[in-house]
>>> print(open('structure-v2.txt').read())   # compact mmCIF, C-alpha atoms and all ligand atoms
# COMPACT_ATOMS: atom_id res chain seq x y z
CA MET A 585 1.80 -15.30 -28.07
CA THR A 586 -0.88 -14.98 -25.48
CA ARG A 587 -1.93 -11.96 -23.52
CA ASN A 588 -0.58 -11.65 -20.00
CA THR A 589 -2.96 -10.56 -17.24
CA VAL A 590 -0.85 -11.67 -14.29
CA MET A 591 -1.08 -8.89 -11.71
CA GLU A 592 2.19 -9.98 -10.05
CA HIS A 593 4.08 -9.14 -13.25
CA LEU A 594 3.13 -5.47 -12.91
CA HIS A 595 5.36 -3.11 -10.95
CA PRO A 596 3.93 -2.99 -7.39
CA THR A 597 3.35 0.79 -7.47
CA PHE A 598 1.44 0.52 -10.73
CA ARG A 599 -0.28 -2.70 -9.60
CA HIS A 600 -1.67 -0.90 -6.55
CA LYS A 601 -3.09 1.88 -8.74
CA VAL A 602 -4.70 -0.70 -11.02
CA GLU A 603 -6.31 -2.40 -8.02
CA LEU A 604 -7.70 0.91 -6.76
CA LEU A 605 -9.05 1.70 -10.21
CA LEU A 606 -10.70 -1.74 -10.55
CA GLN A 607 -12.36 -1.13 -7.18
CA ASP A 608 -13.67 2.27 -8.35
CA LEU A 609 -14.95 0.76 -11.59
CA ALA A 610 -16.76 -2.01 -9.73
CA ASN A 611 -18.33 0.52 -7.35
CA ALA A 612 -19.52 2.58 -10.33
CA ASN A 613 -20.88 -0.52 -12.15
CA LEU A 614 -18.56 0.07 -15.09
CA PRO A 615 -17.78 -3.39 -16.58
CA PHE A 616 -14.09 -2.89 -17.41
CA ARG A 617 -11.42 -5.51 -16.82
CA VAL A 618 -7.70 -5.73 -17.43
CA PHE A 619 -7.33 -7.12 -20.95
CA GLU A 620 -3.54 -7.06 -20.99
CA GLY A 621 -0.82 -6.03 -18.54
CA PHE A 622 2.83 -7.00 -19.01
CA ARG A 623 3.80 -7.64 -22.62
CA SER A 624 6.79 -9.72 -23.72
CA PRO A 625 9.25 -8.41 -26.34
CA LEU A 626 8.18 -11.13 -28.80
CA ARG A 627 4.52 -10.24 -28.46
CA GLN A 628 5.28 -6.53 -28.83
CA ARG A 629 7.21 -7.29 -32.04
CA ASP A 630 4.35 -9.43 -33.28
CA LEU A 631 1.77 -6.68 -32.63
CA TYR A 632 4.03 -4.04 -34.17
CA SER A 633 4.47 -6.08 -37.34
CA GLN A 634 0.69 -6.13 -37.90
CA SER A 635 -0.11 -3.74 -40.79
CA ARG A 636 3.62 -3.28 -41.40
CA THR A 637 5.18 -6.61 -42.40
CA LYS A 638 2.14 -8.77 -41.57
CA PRO A 639 -1.53 -8.48 -42.47
CA GLY A 640 -3.97 -7.17 -39.90
CA PRO A 641 -5.03 -3.85 -38.43
CA ARG A 642 -2.51 -1.46 -36.93
CA VAL A 643 -2.73 -1.92 -33.17
CA THR A 644 0.36 -0.21 -31.76
CA ASN A 645 2.81 2.56 -32.56
CA ALA A 646 5.46 1.00 -30.36
CA ASP A 647 8.12 -1.49 -31.43
CA THR A 648 9.89 -3.84 -29.01
CA TRP A 649 11.00 -2.21 -25.71
CA SER A 650 9.15 0.99 -26.68
CA SER A 651 5.88 0.29 -24.92
CA MET A 652 5.27 0.87 -21.22
CA HIS A 653 3.61 -2.57 -21.17
CA GLN A 654 7.05 -4.12 -21.45
CA TYR A 655 8.16 -2.68 -18.14
CA GLY A 656 5.00 -3.66 -16.24
CA VAL A 657 3.79 -0.07 -15.90
CA ALA A 658 0.88 -0.07 -18.39
CA ALA A 659 -2.35 -2.02 -18.76
CA ASP A 660 -5.22 -2.08 -21.22
CA PHE A 661 -8.74 -1.90 -19.83
CA VAL A 662 -11.54 -3.25 -22.02
CA LEU A 663 -15.28 -3.69 -21.47
CA TYR A 664 -16.25 -7.24 -20.53
CA ILE A 665 -19.97 -7.80 -21.07
CA ASP A 666 -21.85 -11.13 -21.09
CA GLY A 667 -18.59 -13.06 -21.23
CA LYS A 668 -17.22 -11.10 -24.20
CA TRP A 669 -14.64 -8.36 -24.64
CA SER A 670 -15.98 -5.19 -26.22
CA TRP A 671 -14.15 -2.15 -27.57
CA ASP A 672 -17.50 -0.49 -28.42
CA ASP A 673 -17.43 3.23 -27.67
CA SER A 674 -20.56 4.22 -29.54
CA GLY A 675 -23.69 5.81 -28.07
CA GLU A 676 -24.08 5.47 -24.31
CA ARG A 677 -20.87 3.49 -24.01
CA LYS A 678 -18.77 6.49 -25.03
CA LYS A 679 -19.48 7.86 -21.54
CA TRP A 680 -18.20 4.65 -19.93
CA TRP A 681 -14.77 5.13 -21.50
CA GLN A 682 -14.80 8.75 -20.36
CA GLN A 683 -15.59 7.52 -16.85
CA LEU A 684 -12.72 5.03 -17.08
CA HIS A 685 -10.30 7.85 -17.83
CA LYS A 686 -11.81 10.07 -15.12
CA HIS A 687 -11.34 7.41 -12.43
CA ALA A 688 -7.87 6.58 -13.79
CA ALA A 689 -6.72 10.19 -13.43
CA LYS A 690 -7.53 10.09 -9.69
CA HIS A 691 -4.90 7.39 -9.24
CA GLY A 692 -2.20 8.88 -11.44
CA LEU A 693 -2.94 6.69 -14.44
CA GLN A 694 -2.52 8.36 -17.79
CA PRO A 695 -4.25 7.51 -21.08
CA LEU A 696 -2.76 7.72 -24.58
CA SER A 697 -4.65 9.96 -26.99
CA TRP A 698 -4.68 7.32 -29.75
CA GLU A 699 -5.40 4.18 -27.73
CA LEU A 700 -8.64 4.18 -25.72
CA PRO A 701 -8.01 1.15 -23.43
CA HIS A 702 -4.42 2.00 -22.55
CA LEU A 703 -3.47 3.41 -19.13
CA GLN A 704 0.07 3.87 -17.89
CA MET A 705 1.78 5.14 -14.78
CA GLN A 706 2.05 8.91 -14.89
CA GLY A 707 5.40 10.67 -14.84
CA LEU A 708 7.53 7.93 -16.41
CA GLN A 709 9.71 8.52 -19.44
CA LEU A 710 10.20 5.67 -21.88
CA ALA A 711 13.84 6.69 -22.45
CA GLN A 712 14.47 6.34 -18.71
CA LEU A 713 12.97 2.84 -18.64
CA GLN A 714 15.03 1.85 -21.67
CA ARG A 715 18.16 2.87 -19.75
CA GLY A 716 17.12 0.71 -16.81
CA ASN A 717 15.92 3.55 -14.57
CA TYR A 718 12.93 1.61 -13.26
CA PRO A 719 10.52 2.93 -10.63
CA ALA A 720 11.71 2.34 -7.06
CA ASP A 721 10.42 -0.44 -4.79
CA GLY A 722 10.07 -3.16 -7.39
CA ASP A 723 9.29 -6.57 -5.92
CA ASP A 724 10.39 -10.01 -7.06
CA GLY A 725 7.10 -10.80 -8.84
CA TRP A 726 7.77 -7.86 -11.14
CA ALA A 727 11.57 -8.11 -11.25
CA GLU A 728 11.83 -11.86 -11.97
CA ASN A 729 9.37 -11.59 -14.82
CA LEU A 730 11.09 -8.57 -16.40
CA GLN A 731 14.45 -10.31 -15.94
CA GLN A 732 13.17 -13.34 -17.84
CA ALA A 733 11.89 -11.17 -20.69
CA ILE A 734 15.23 -9.36 -20.93
CA THR A 735 17.43 -12.47 -20.81
CA ARG A 736 15.34 -14.28 -23.45
CA TRP A 737 15.56 -11.38 -25.92
CA SER A 738 18.59 -11.33 -28.18
CA GLY A 739 17.04 -9.33 -31.03
CA SER A 740 17.19 -5.72 -32.06
CA PRO A 741 16.74 -3.23 -30.46
CA ALA A 742 18.80 -4.46 -27.55
CA ALA A 743 17.05 -5.24 -24.28
CA PRO A 744 17.25 -2.75 -21.40
CA PRO A 745 19.44 -3.45 -18.33
CA LEU A 746 18.32 -6.08 -15.82
CA PRO A 747 16.21 -4.82 -12.92
CA GLU A 748 18.84 -5.77 -10.36
CA ALA A 749 19.49 -2.32 -8.96
CA LEU A 750 16.97 -2.98 -6.25
CA PRO A 751 17.71 -1.47 -2.85
CA THR A 752 19.63 -3.87 -0.62
CA ARG A 753 20.34 -3.92 3.07
CA PRO A 754 22.46 -6.26 5.16
CA PRO A 755 20.84 -9.60 6.02
CA LEU A 756 19.52 -10.11 9.52
CA PRO A 757 21.73 -12.18 11.82
CA PRO A 758 20.48 -15.79 11.78
CA GLU A 759 19.19 -15.73 15.36
CA ALA A 760 17.25 -12.47 14.98
CA PRO A 761 13.46 -12.71 14.80
CA ALA A 762 12.01 -12.06 11.35
CA ALA A 763 11.03 -8.45 10.79
CA ASP A 764 7.82 -9.35 9.03
CA THR A 765 4.95 -9.51 11.51
CA ASN A 766 3.01 -11.75 9.12
CA THR A 767 5.52 -14.53 9.60
CA THR A 768 3.76 -17.66 10.73
CA ALA A 769 5.22 -20.12 13.16
CA LEU A 770 7.74 -21.58 10.74
CA ALA A 771 8.92 -24.49 12.85
CA SER A 772 5.44 -25.88 13.45
CA GLN A 773 4.63 -26.35 9.76
CA PRO A 774 5.28 -29.55 7.83
CA VAL A 775 8.16 -29.44 5.35
CA ILE A 776 6.98 -29.36 1.74
CA LYS A 777 8.95 -30.34 -1.35
CA ALA A 778 8.85 -27.75 -4.13
CA ARG A 779 10.33 -27.19 -7.57
CA VAL A 780 11.58 -23.96 -9.14
CA THR A 781 9.38 -23.03 -12.11
CA ALA A 782 11.22 -19.89 -13.25
CA ARG A 783 12.91 -20.75 -16.55
CA ASP A 784 15.88 -18.51 -15.95
CA GLY A 785 16.32 -19.21 -12.28
CA LEU A 786 14.97 -17.84 -9.02
CA ARG A 787 16.77 -15.62 -6.54
CA LEU A 788 17.27 -16.87 -3.00
CA ARG A 789 17.33 -13.92 -0.63
CA ALA A 790 18.42 -13.44 2.95
CA GLY A 791 14.92 -12.39 4.02
CA PRO A 792 11.29 -12.24 2.86
CA GLY A 793 11.48 -9.19 0.57
CA THR A 794 13.37 -7.69 -2.35
CA SER A 795 15.24 -5.38 0.02
CA PHE A 796 17.19 -8.37 1.33
CA ASP A 797 20.46 -9.43 -0.25
CA ILE A 798 20.54 -12.09 -2.96
CA LYS A 799 22.37 -15.16 -1.60
CA THR A 800 22.31 -17.27 -4.74
CA THR A 801 20.15 -18.08 -7.75
CA LEU A 802 18.33 -21.40 -7.88
CA VAL A 803 18.17 -23.11 -11.26
CA SER A 804 15.02 -24.04 -13.14
CA ASN A 805 13.44 -27.31 -11.88
CA GLN A 806 15.69 -27.41 -8.83
CA GLN A 807 14.09 -29.24 -5.92
CA VAL A 808 13.97 -27.43 -2.59
CA PHE A 809 12.19 -27.79 0.74
CA VAL A 810 9.75 -25.16 1.96
CA LEU A 811 9.92 -24.65 5.72
CA GLY A 812 7.23 -21.98 5.95
CA GLN A 813 5.58 -18.92 4.49
CA SER A 814 6.00 -15.23 5.16
CA GLY A 815 3.47 -13.32 3.08
CA LYS A 816 4.26 -14.12 -0.56
CA TRP A 817 7.67 -15.54 0.37
CA SER A 818 8.68 -19.10 1.14
CA GLN A 819 11.43 -19.96 3.58
CA ILE A 820 13.71 -22.40 1.79
CA ASP A 821 15.87 -25.28 2.93
CA LEU A 822 18.17 -26.34 0.07
CA GLN A 823 19.67 -29.57 1.46
CA GLY A 824 16.68 -31.01 3.28
CA ASP A 825 18.48 -30.84 6.62
CA GLY A 826 15.71 -28.78 8.21
CA LEU A 827 17.84 -25.62 8.33
CA ALA A 828 16.75 -22.47 6.51
CA ASP A 829 18.95 -21.16 3.70
CA GLY A 830 16.90 -18.14 2.68
CA TYR A 831 13.69 -16.97 1.06
CA CYS A 832 12.22 -17.16 -2.46
CA HIS A 833 9.14 -15.56 -3.95
CA SER A 834 6.41 -18.24 -3.78
CA GLY A 835 5.07 -17.35 -7.25
CA TYR A 836 7.86 -19.35 -8.90
CA LEU A 837 7.66 -22.49 -6.79
CA ALA A 838 5.45 -25.48 -7.57
CA THR A 839 4.65 -27.81 -4.70
ZN ZN A 901 -1.77 -0.52 -24.09
>>> encode(input="structure-v2.txt", output="structure tokens", more="lines below")
Ligand SMILES: [Zn+2]
Amino acid sequence: MTRNTVMEHLHPTFRHKVELLLQDLANANLPFRVFEGFRSPLRQRDLYSQSRTKPGPRVTNADTWSSMHQYGVAADFVLYIDGKWSWDDSGERKKWWQQLHKHAAKHGLQPLSWELPHLQMQGLQLAQLQRGNYPADGDDGWAENLQQAITRWSGSPAAPPLPEALPTRPPLPPEAPAADTNTTALASQPVIKARVTARDGLRLRAGPGTSFDIKTTLVSNQQVFVLGQSGKWSQIDLQGDGLADGYCHSGYLAT
């Protein structure tokens, strides 16, 4: 069970804070990097079992669905020096970790007293997350990944609710110009064949954003045609007739 450092799997609000912090750290010549972001339920269970039912050092106090990592709102920052990860906090380096926490506080990122590298989004309650009260404004990169983790988990404790309570608004009428000013000239681009790489399916939306209604869910490996790009979204033609059917997040399409 490998570590996940995919920034798109973090909640966008938290992701933005992480990016600001990484910028601060770079400016201050502090060699920290994100060691781990989102964590799957299986990996959390595996880490939790260390020192309990499996050999190894104790690395977490949190069982499955009880770590902020599992909701994409926590990340571990570790020193990366000469191509190696380092948890060293002795001597001069003790100050570096203090600096990490100082910069983190500016962006509303909160440490845990017992886990030096860990930073999580301030003001969130684990019990709320476990009930499915996720932070507002989640995007598909975050939501699709969390959805996959939830649907693949059938163990105990039970998984939290799916992150589907995203804000919705009516789709634009077909002839209306796209709201997104980043939209490139869709018609002038060549049509590209693509395949859905999300194991549990990929949502097709009425527009290029999570605020648009879900029209249908494409199945894993389904072939589609990409008519154009709008930011991180691809405009999709399902039948290959050159007519747009909706938008999918490009992170789960392979061309
Ligand atoms: Zn952590």
>>> closest_residue(input="structure-v2.txt", among="A:Thr839, A:Ser650, A:Gln683, A:Ser740", to="A:Gln709", atoms="all atoms listed in the file")
A:Ser650
>>> atom_distance(input="structure-v2.txt", atom1="atom CA of A:Trp737", atom2="atom CA of A:Arg627")
11.4 Å
>>> residues_around(input="structure-v2.txt", residues="A:His702", least_positions_apart="3", cutoff="7 Å", atoms="only C-alpha atoms", output="NGL selection string")
:A and (659-661 or 695-696 or 699)
>>> residues_near_ligand(input="structure-v2.txt", ligand="ligand ZN 901 (chain A)", cutoff="10 Å", atoms="all atoms listed in the file", output="compact mmCIF listing (two decimals) with C-alpha atoms, in the frame of the given file")
# COMPACT_ATOMS: atom_id res chain seq x y z
CA PHE A 619 -7.33 -7.12 -20.95
CA GLU A 620 -3.54 -7.06 -20.99
CA GLY A 621 -0.82 -6.03 -18.54
CA PHE A 622 2.83 -7.00 -19.01
CA ARG A 623 3.80 -7.64 -22.62
CA VAL A 643 -2.73 -1.92 -33.17
CA THR A 644 0.36 -0.21 -31.76
CA ALA A 646 5.46 1.00 -30.36
CA SER A 651 5.88 0.29 -24.92
CA MET A 652 5.27 0.87 -21.22
CA HIS A 653 3.61 -2.57 -21.17
CA GLN A 654 7.05 -4.12 -21.45
CA VAL A 657 3.79 -0.07 -15.90
CA ALA A 658 0.88 -0.07 -18.39
CA ALA A 659 -2.35 -2.02 -18.76
CA ASP A 660 -5.22 -2.08 -21.22
CA PHE A 661 -8.74 -1.90 -19.83
CA PRO A 695 -4.25 7.51 -21.08
CA LEU A 696 -2.76 7.72 -24.58
CA GLU A 699 -5.40 4.18 -27.73
CA LEU A 700 -8.64 4.18 -25.72
CA PRO A 701 -8.01 1.15 -23.43
CA HIS A 702 -4.42 2.00 -22.55
CA LEU A 703 -3.47 3.41 -19.13
CA GLN A 704 0.07 3.87 -17.89
>>> atom_distance(input="structure-v2.txt", atom1="atom CA of A:Leu788", atom2="atom CA of A:Arg736")
20.7 Å
>>> residues_around(input="structure-v2.txt", residues="stretch 781-785 of chain A", least_positions_apart="5", cutoff="7 Å", atoms="all atoms listed in the file", output="number ranges by chain")
A: 732, 801-805, 836-838
>>> residues_around(input="structure-v2.txt", residues="A:Trp669", least_positions_apart="4", cutoff="9 Å", atoms="only C-alpha atoms", output="PyMOL selection string")
chain A and resi 617+619+662-665
>>> atom_distance(input="structure-v2.txt", atom1="atom CA of A:Val808", atom2="atom CA of A:Ala778")
5.4 Å
>>> closest_residue(input="structure-v2.txt", among="A:Pro615, A:Pro596, A:Gly824, A:Gly739", to="A:Trp680", atoms="all atoms listed in the file")
A:Pro615
>>> residues_around(input="structure-v2.txt", residues="A:Ser633", least_positions_apart="3", cutoff="12 Å", atoms="only C-alpha atoms", output="PyMOL selection string")
chain A and resi 626-630+636-648
>>> residues_around(input="structure-v2.txt", residues="A:Gln714", least_positions_apart="5", cutoff="8 Å", atoms="only C-alpha atoms", output="PyMOL selection string")
chain A and resi 649-650+743-745
>>> closest_residue(input="structure-v2.txt", among="A:Gly725, A:Gly812, A:Gly692, A:Gly793", to="A:Gly835", atoms="all atoms listed in the file")
A:Gly725
>>> closest_residue(input="structure-v2.txt", among="A:Trp726, A:Tyr655, A:Phe616, A:Tyr718", to="A:Trp681", atoms="all atoms listed in the file")
A:Phe616
>>> closest_residue(input="structure-v2.txt", among="A:Ile820, A:Ala720, A:Leu811, A:Leu614", to="A:Gly791", atoms="all atoms listed in the file")
A:Ile820
>>> decode(input="structure-v2.txt", residues="stretch 775-813 of chain A", atoms="N, CA and C atoms", output="mmCIF file, in the first residue's frame")
data_model
loop_
_atom_site.group_PDB
_atom_site.id
_atom_site.type_symbol
_atom_site.label_atom_id
_atom_site.label_comp_id
_atom_site.auth_asym_id
_atom_site.auth_seq_id
_atom_site.Cartn_x
_atom_site.Cartn_y
_atom_site.Cartn_z
ATOM 1 N N VAL A 775 -10.608 15.975 -32.602
ATOM 2 C CA VAL A 775 -11.286 15.077 -31.662
ATOM 3 C C VAL A 775 -10.302 13.988 -31.228
ATOM 4 N N ILE A 776 -10.270 13.729 -29.926
ATOM 5 C CA ILE A 776 -9.313 12.758 -29.379
ATOM 6 C C ILE A 776 -10.079 11.633 -28.700
ATOM 7 N N LYS A 777 -9.671 10.406 -28.981
ATOM 8 C CA LYS A 777 -10.268 9.258 -28.285
ATOM 9 C C LYS A 777 -9.667 9.150 -26.880
ATOM 10 N N ALA A 778 -10.504 8.840 -25.899
ATOM 11 C CA ALA A 778 -10.011 8.691 -24.532
ATOM 12 C C ALA A 778 -10.751 7.543 -23.855
ATOM 13 N N ARG A 779 -10.177 7.105 -22.742
ATOM 14 C CA ARG A 779 -10.711 5.966 -22.006
ATOM 15 C C ARG A 779 -10.839 6.372 -20.546
ATOM 16 N N VAL A 780 -11.922 5.941 -19.905
ATOM 17 C CA VAL A 780 -12.149 6.268 -18.491
ATOM 18 C C VAL A 780 -11.251 5.394 -17.618
ATOM 19 N N THR A 781 -10.450 6.011 -16.769
ATOM 20 C CA THR A 781 -9.524 5.246 -15.926
ATOM 21 C C THR A 781 -9.983 5.147 -14.472
ATOM 22 N N ALA A 782 -11.103 5.750 -14.132
ATOM 23 C CA ALA A 782 -11.612 5.642 -12.755
ATOM 24 C C ALA A 782 -12.268 4.278 -12.569
ATOM 25 N N ARG A 783 -11.784 3.512 -11.608
ATOM 26 C CA ARG A 783 -12.266 2.136 -11.431
ATOM 27 C C ARG A 783 -13.767 2.072 -11.185
ATOM 28 N N ASP A 784 -14.264 3.021 -10.421
ATOM 29 C CA ASP A 784 -15.674 2.972 -10.046
ATOM 30 C C ASP A 784 -16.528 3.941 -10.851
ATOM 31 N N GLY A 785 -16.013 4.354 -11.993
ATOM 32 C CA GLY A 785 -16.825 5.206 -12.854
ATOM 33 C C GLY A 785 -16.471 6.676 -12.718
ATOM 34 N N LEU A 786 -16.925 7.448 -13.684
ATOM 35 C CA LEU A 786 -16.585 8.869 -13.750
ATOM 36 C C LEU A 786 -17.847 9.651 -14.089
ATOM 37 N N ARG A 787 -18.084 10.716 -13.320
ATOM 38 C CA ARG A 787 -19.312 11.481 -13.524
ATOM 39 C C ARG A 787 -19.220 12.394 -14.743
ATOM 40 N N LEU A 788 -20.254 12.366 -15.539
ATOM 41 C CA LEU A 788 -20.390 13.276 -16.675
ATOM 42 C C LEU A 788 -21.316 14.395 -16.218
ATOM 43 N N ARG A 789 -20.802 15.625 -16.295
ATOM 44 C CA ARG A 789 -21.581 16.759 -15.790
ATOM 45 C C ARG A 789 -22.026 17.678 -16.923
ATOM 46 N N ALA A 790 -22.998 18.517 -16.599
ATOM 47 C CA ALA A 790 -23.568 19.407 -17.612
ATOM 48 C C ALA A 790 -22.605 20.532 -17.994
ATOM 49 N N GLY A 791 -21.646 20.822 -17.123
ATOM 50 C CA GLY A 791 -20.689 21.890 -17.407
ATOM 51 C C GLY A 791 -19.348 21.592 -16.775
ATOM 52 N N PRO A 792 -18.357 22.461 -17.026
ATOM 53 C CA PRO A 792 -16.989 22.211 -16.553
ATOM 54 C C PRO A 792 -16.767 22.610 -15.099
ATOM 55 N N GLY A 793 -17.390 21.909 -14.167
ATOM 56 C CA GLY A 793 -17.209 22.200 -12.744
ATOM 57 C C GLY A 793 -18.125 21.321 -11.919
ATOM 58 N N THR A 794 -17.798 21.167 -10.638
ATOM 59 C CA THR A 794 -18.610 20.289 -9.781
ATOM 60 C C THR A 794 -19.944 20.911 -9.426
ATOM 61 N N SER A 795 -20.115 22.209 -9.727
ATOM 62 C CA SER A 795 -21.397 22.839 -9.412
ATOM 63 C C SER A 795 -22.451 22.473 -10.456
ATOM 64 N N PHE A 796 -22.026 21.876 -11.569
ATOM 65 C CA PHE A 796 -22.989 21.495 -12.602
ATOM 66 C C PHE A 796 -23.590 20.123 -12.302
ATOM 67 N N ASP A 797 -24.806 19.934 -12.762
ATOM 68 C CA ASP A 797 -25.520 18.683 -12.496
ATOM 69 C C ASP A 797 -24.809 17.480 -13.105
ATOM 70 N N ILE A 798 -24.952 16.336 -12.425
ATOM 71 C CA ILE A 798 -24.431 15.074 -12.942
ATOM 72 C C ILE A 798 -25.446 14.528 -13.954
ATOM 73 N N LYS A 799 -24.994 14.271 -15.185
ATOM 74 C CA LYS A 799 -25.912 13.759 -16.215
ATOM 75 C C LYS A 799 -25.952 12.237 -16.208
ATOM 76 N N THR A 800 -24.774 11.633 -16.043
ATOM 77 C CA THR A 800 -24.697 10.182 -15.970
ATOM 78 C C THR A 800 -23.311 9.827 -15.423
ATOM 79 N N THR A 801 -23.082 8.539 -15.188
ATOM 80 C CA THR A 801 -21.765 8.106 -14.752
ATOM 81 C C THR A 801 -21.199 7.151 -15.795
ATOM 82 N N LEU A 802 -20.027 7.487 -16.305
ATOM 83 C CA LEU A 802 -19.366 6.637 -17.294
ATOM 84 C C LEU A 802 -18.697 5.471 -16.576
ATOM 85 N N VAL A 803 -18.665 4.315 -17.225
ATOM 86 C CA VAL A 803 -18.077 3.146 -16.575
ATOM 87 C C VAL A 803 -16.574 3.088 -16.849
ATOM 88 N N SER A 804 -15.889 2.338 -16.002
ATOM 89 C CA SER A 804 -14.455 2.149 -16.141
ATOM 90 C C SER A 804 -14.132 1.590 -17.532
ATOM 91 N N ASN A 805 -13.084 2.129 -18.155
ATOM 92 C CA ASN A 805 -12.614 1.687 -19.483
ATOM 93 C C ASN A 805 -13.506 2.097 -20.651
ATOM 94 N N GLN A 806 -14.585 2.791 -20.355
ATOM 95 C CA GLN A 806 -15.465 3.243 -21.443
ATOM 96 C C GLN A 806 -14.700 4.165 -22.387
ATOM 97 N N GLN A 807 -14.932 3.978 -23.699
ATOM 98 C CA GLN A 807 -14.279 4.872 -24.663
ATOM 99 C C GLN A 807 -15.180 6.063 -24.952
ATOM 100 N N VAL A 808 -14.573 7.250 -24.955
ATOM 101 C CA VAL A 808 -15.314 8.473 -25.263
ATOM 102 C C VAL A 808 -14.486 9.312 -26.231
ATOM 103 N N PHE A 809 -15.049 10.405 -26.688
ATOM 104 C CA PHE A 809 -14.335 11.320 -27.569
ATOM 105 C C PHE A 809 -14.238 12.676 -26.875
ATOM 106 N N VAL A 810 -13.034 13.220 -26.859
ATOM 107 C CA VAL A 810 -12.812 14.514 -26.215
ATOM 108 C C VAL A 810 -12.857 15.603 -27.287
ATOM 109 N N LEU A 811 -13.794 16.525 -27.112
ATOM 110 C CA LEU A 811 -13.964 17.596 -28.109
ATOM 111 C C LEU A 811 -13.107 18.806 -27.778
ATOM 112 N N GLY A 812 -12.766 18.972 -26.493
ATOM 113 C CA GLY A 812 -11.975 20.139 -26.118
ATOM 114 C C GLY A 812 -11.726 20.166 -24.629
ATOM 115 N N GLN A 813 -11.005 21.185 -24.193
ATOM 116 C CA GLN A 813 -10.652 21.319 -22.789
ATOM 117 C C GLN A 813 -11.175 22.634 -22.251
#
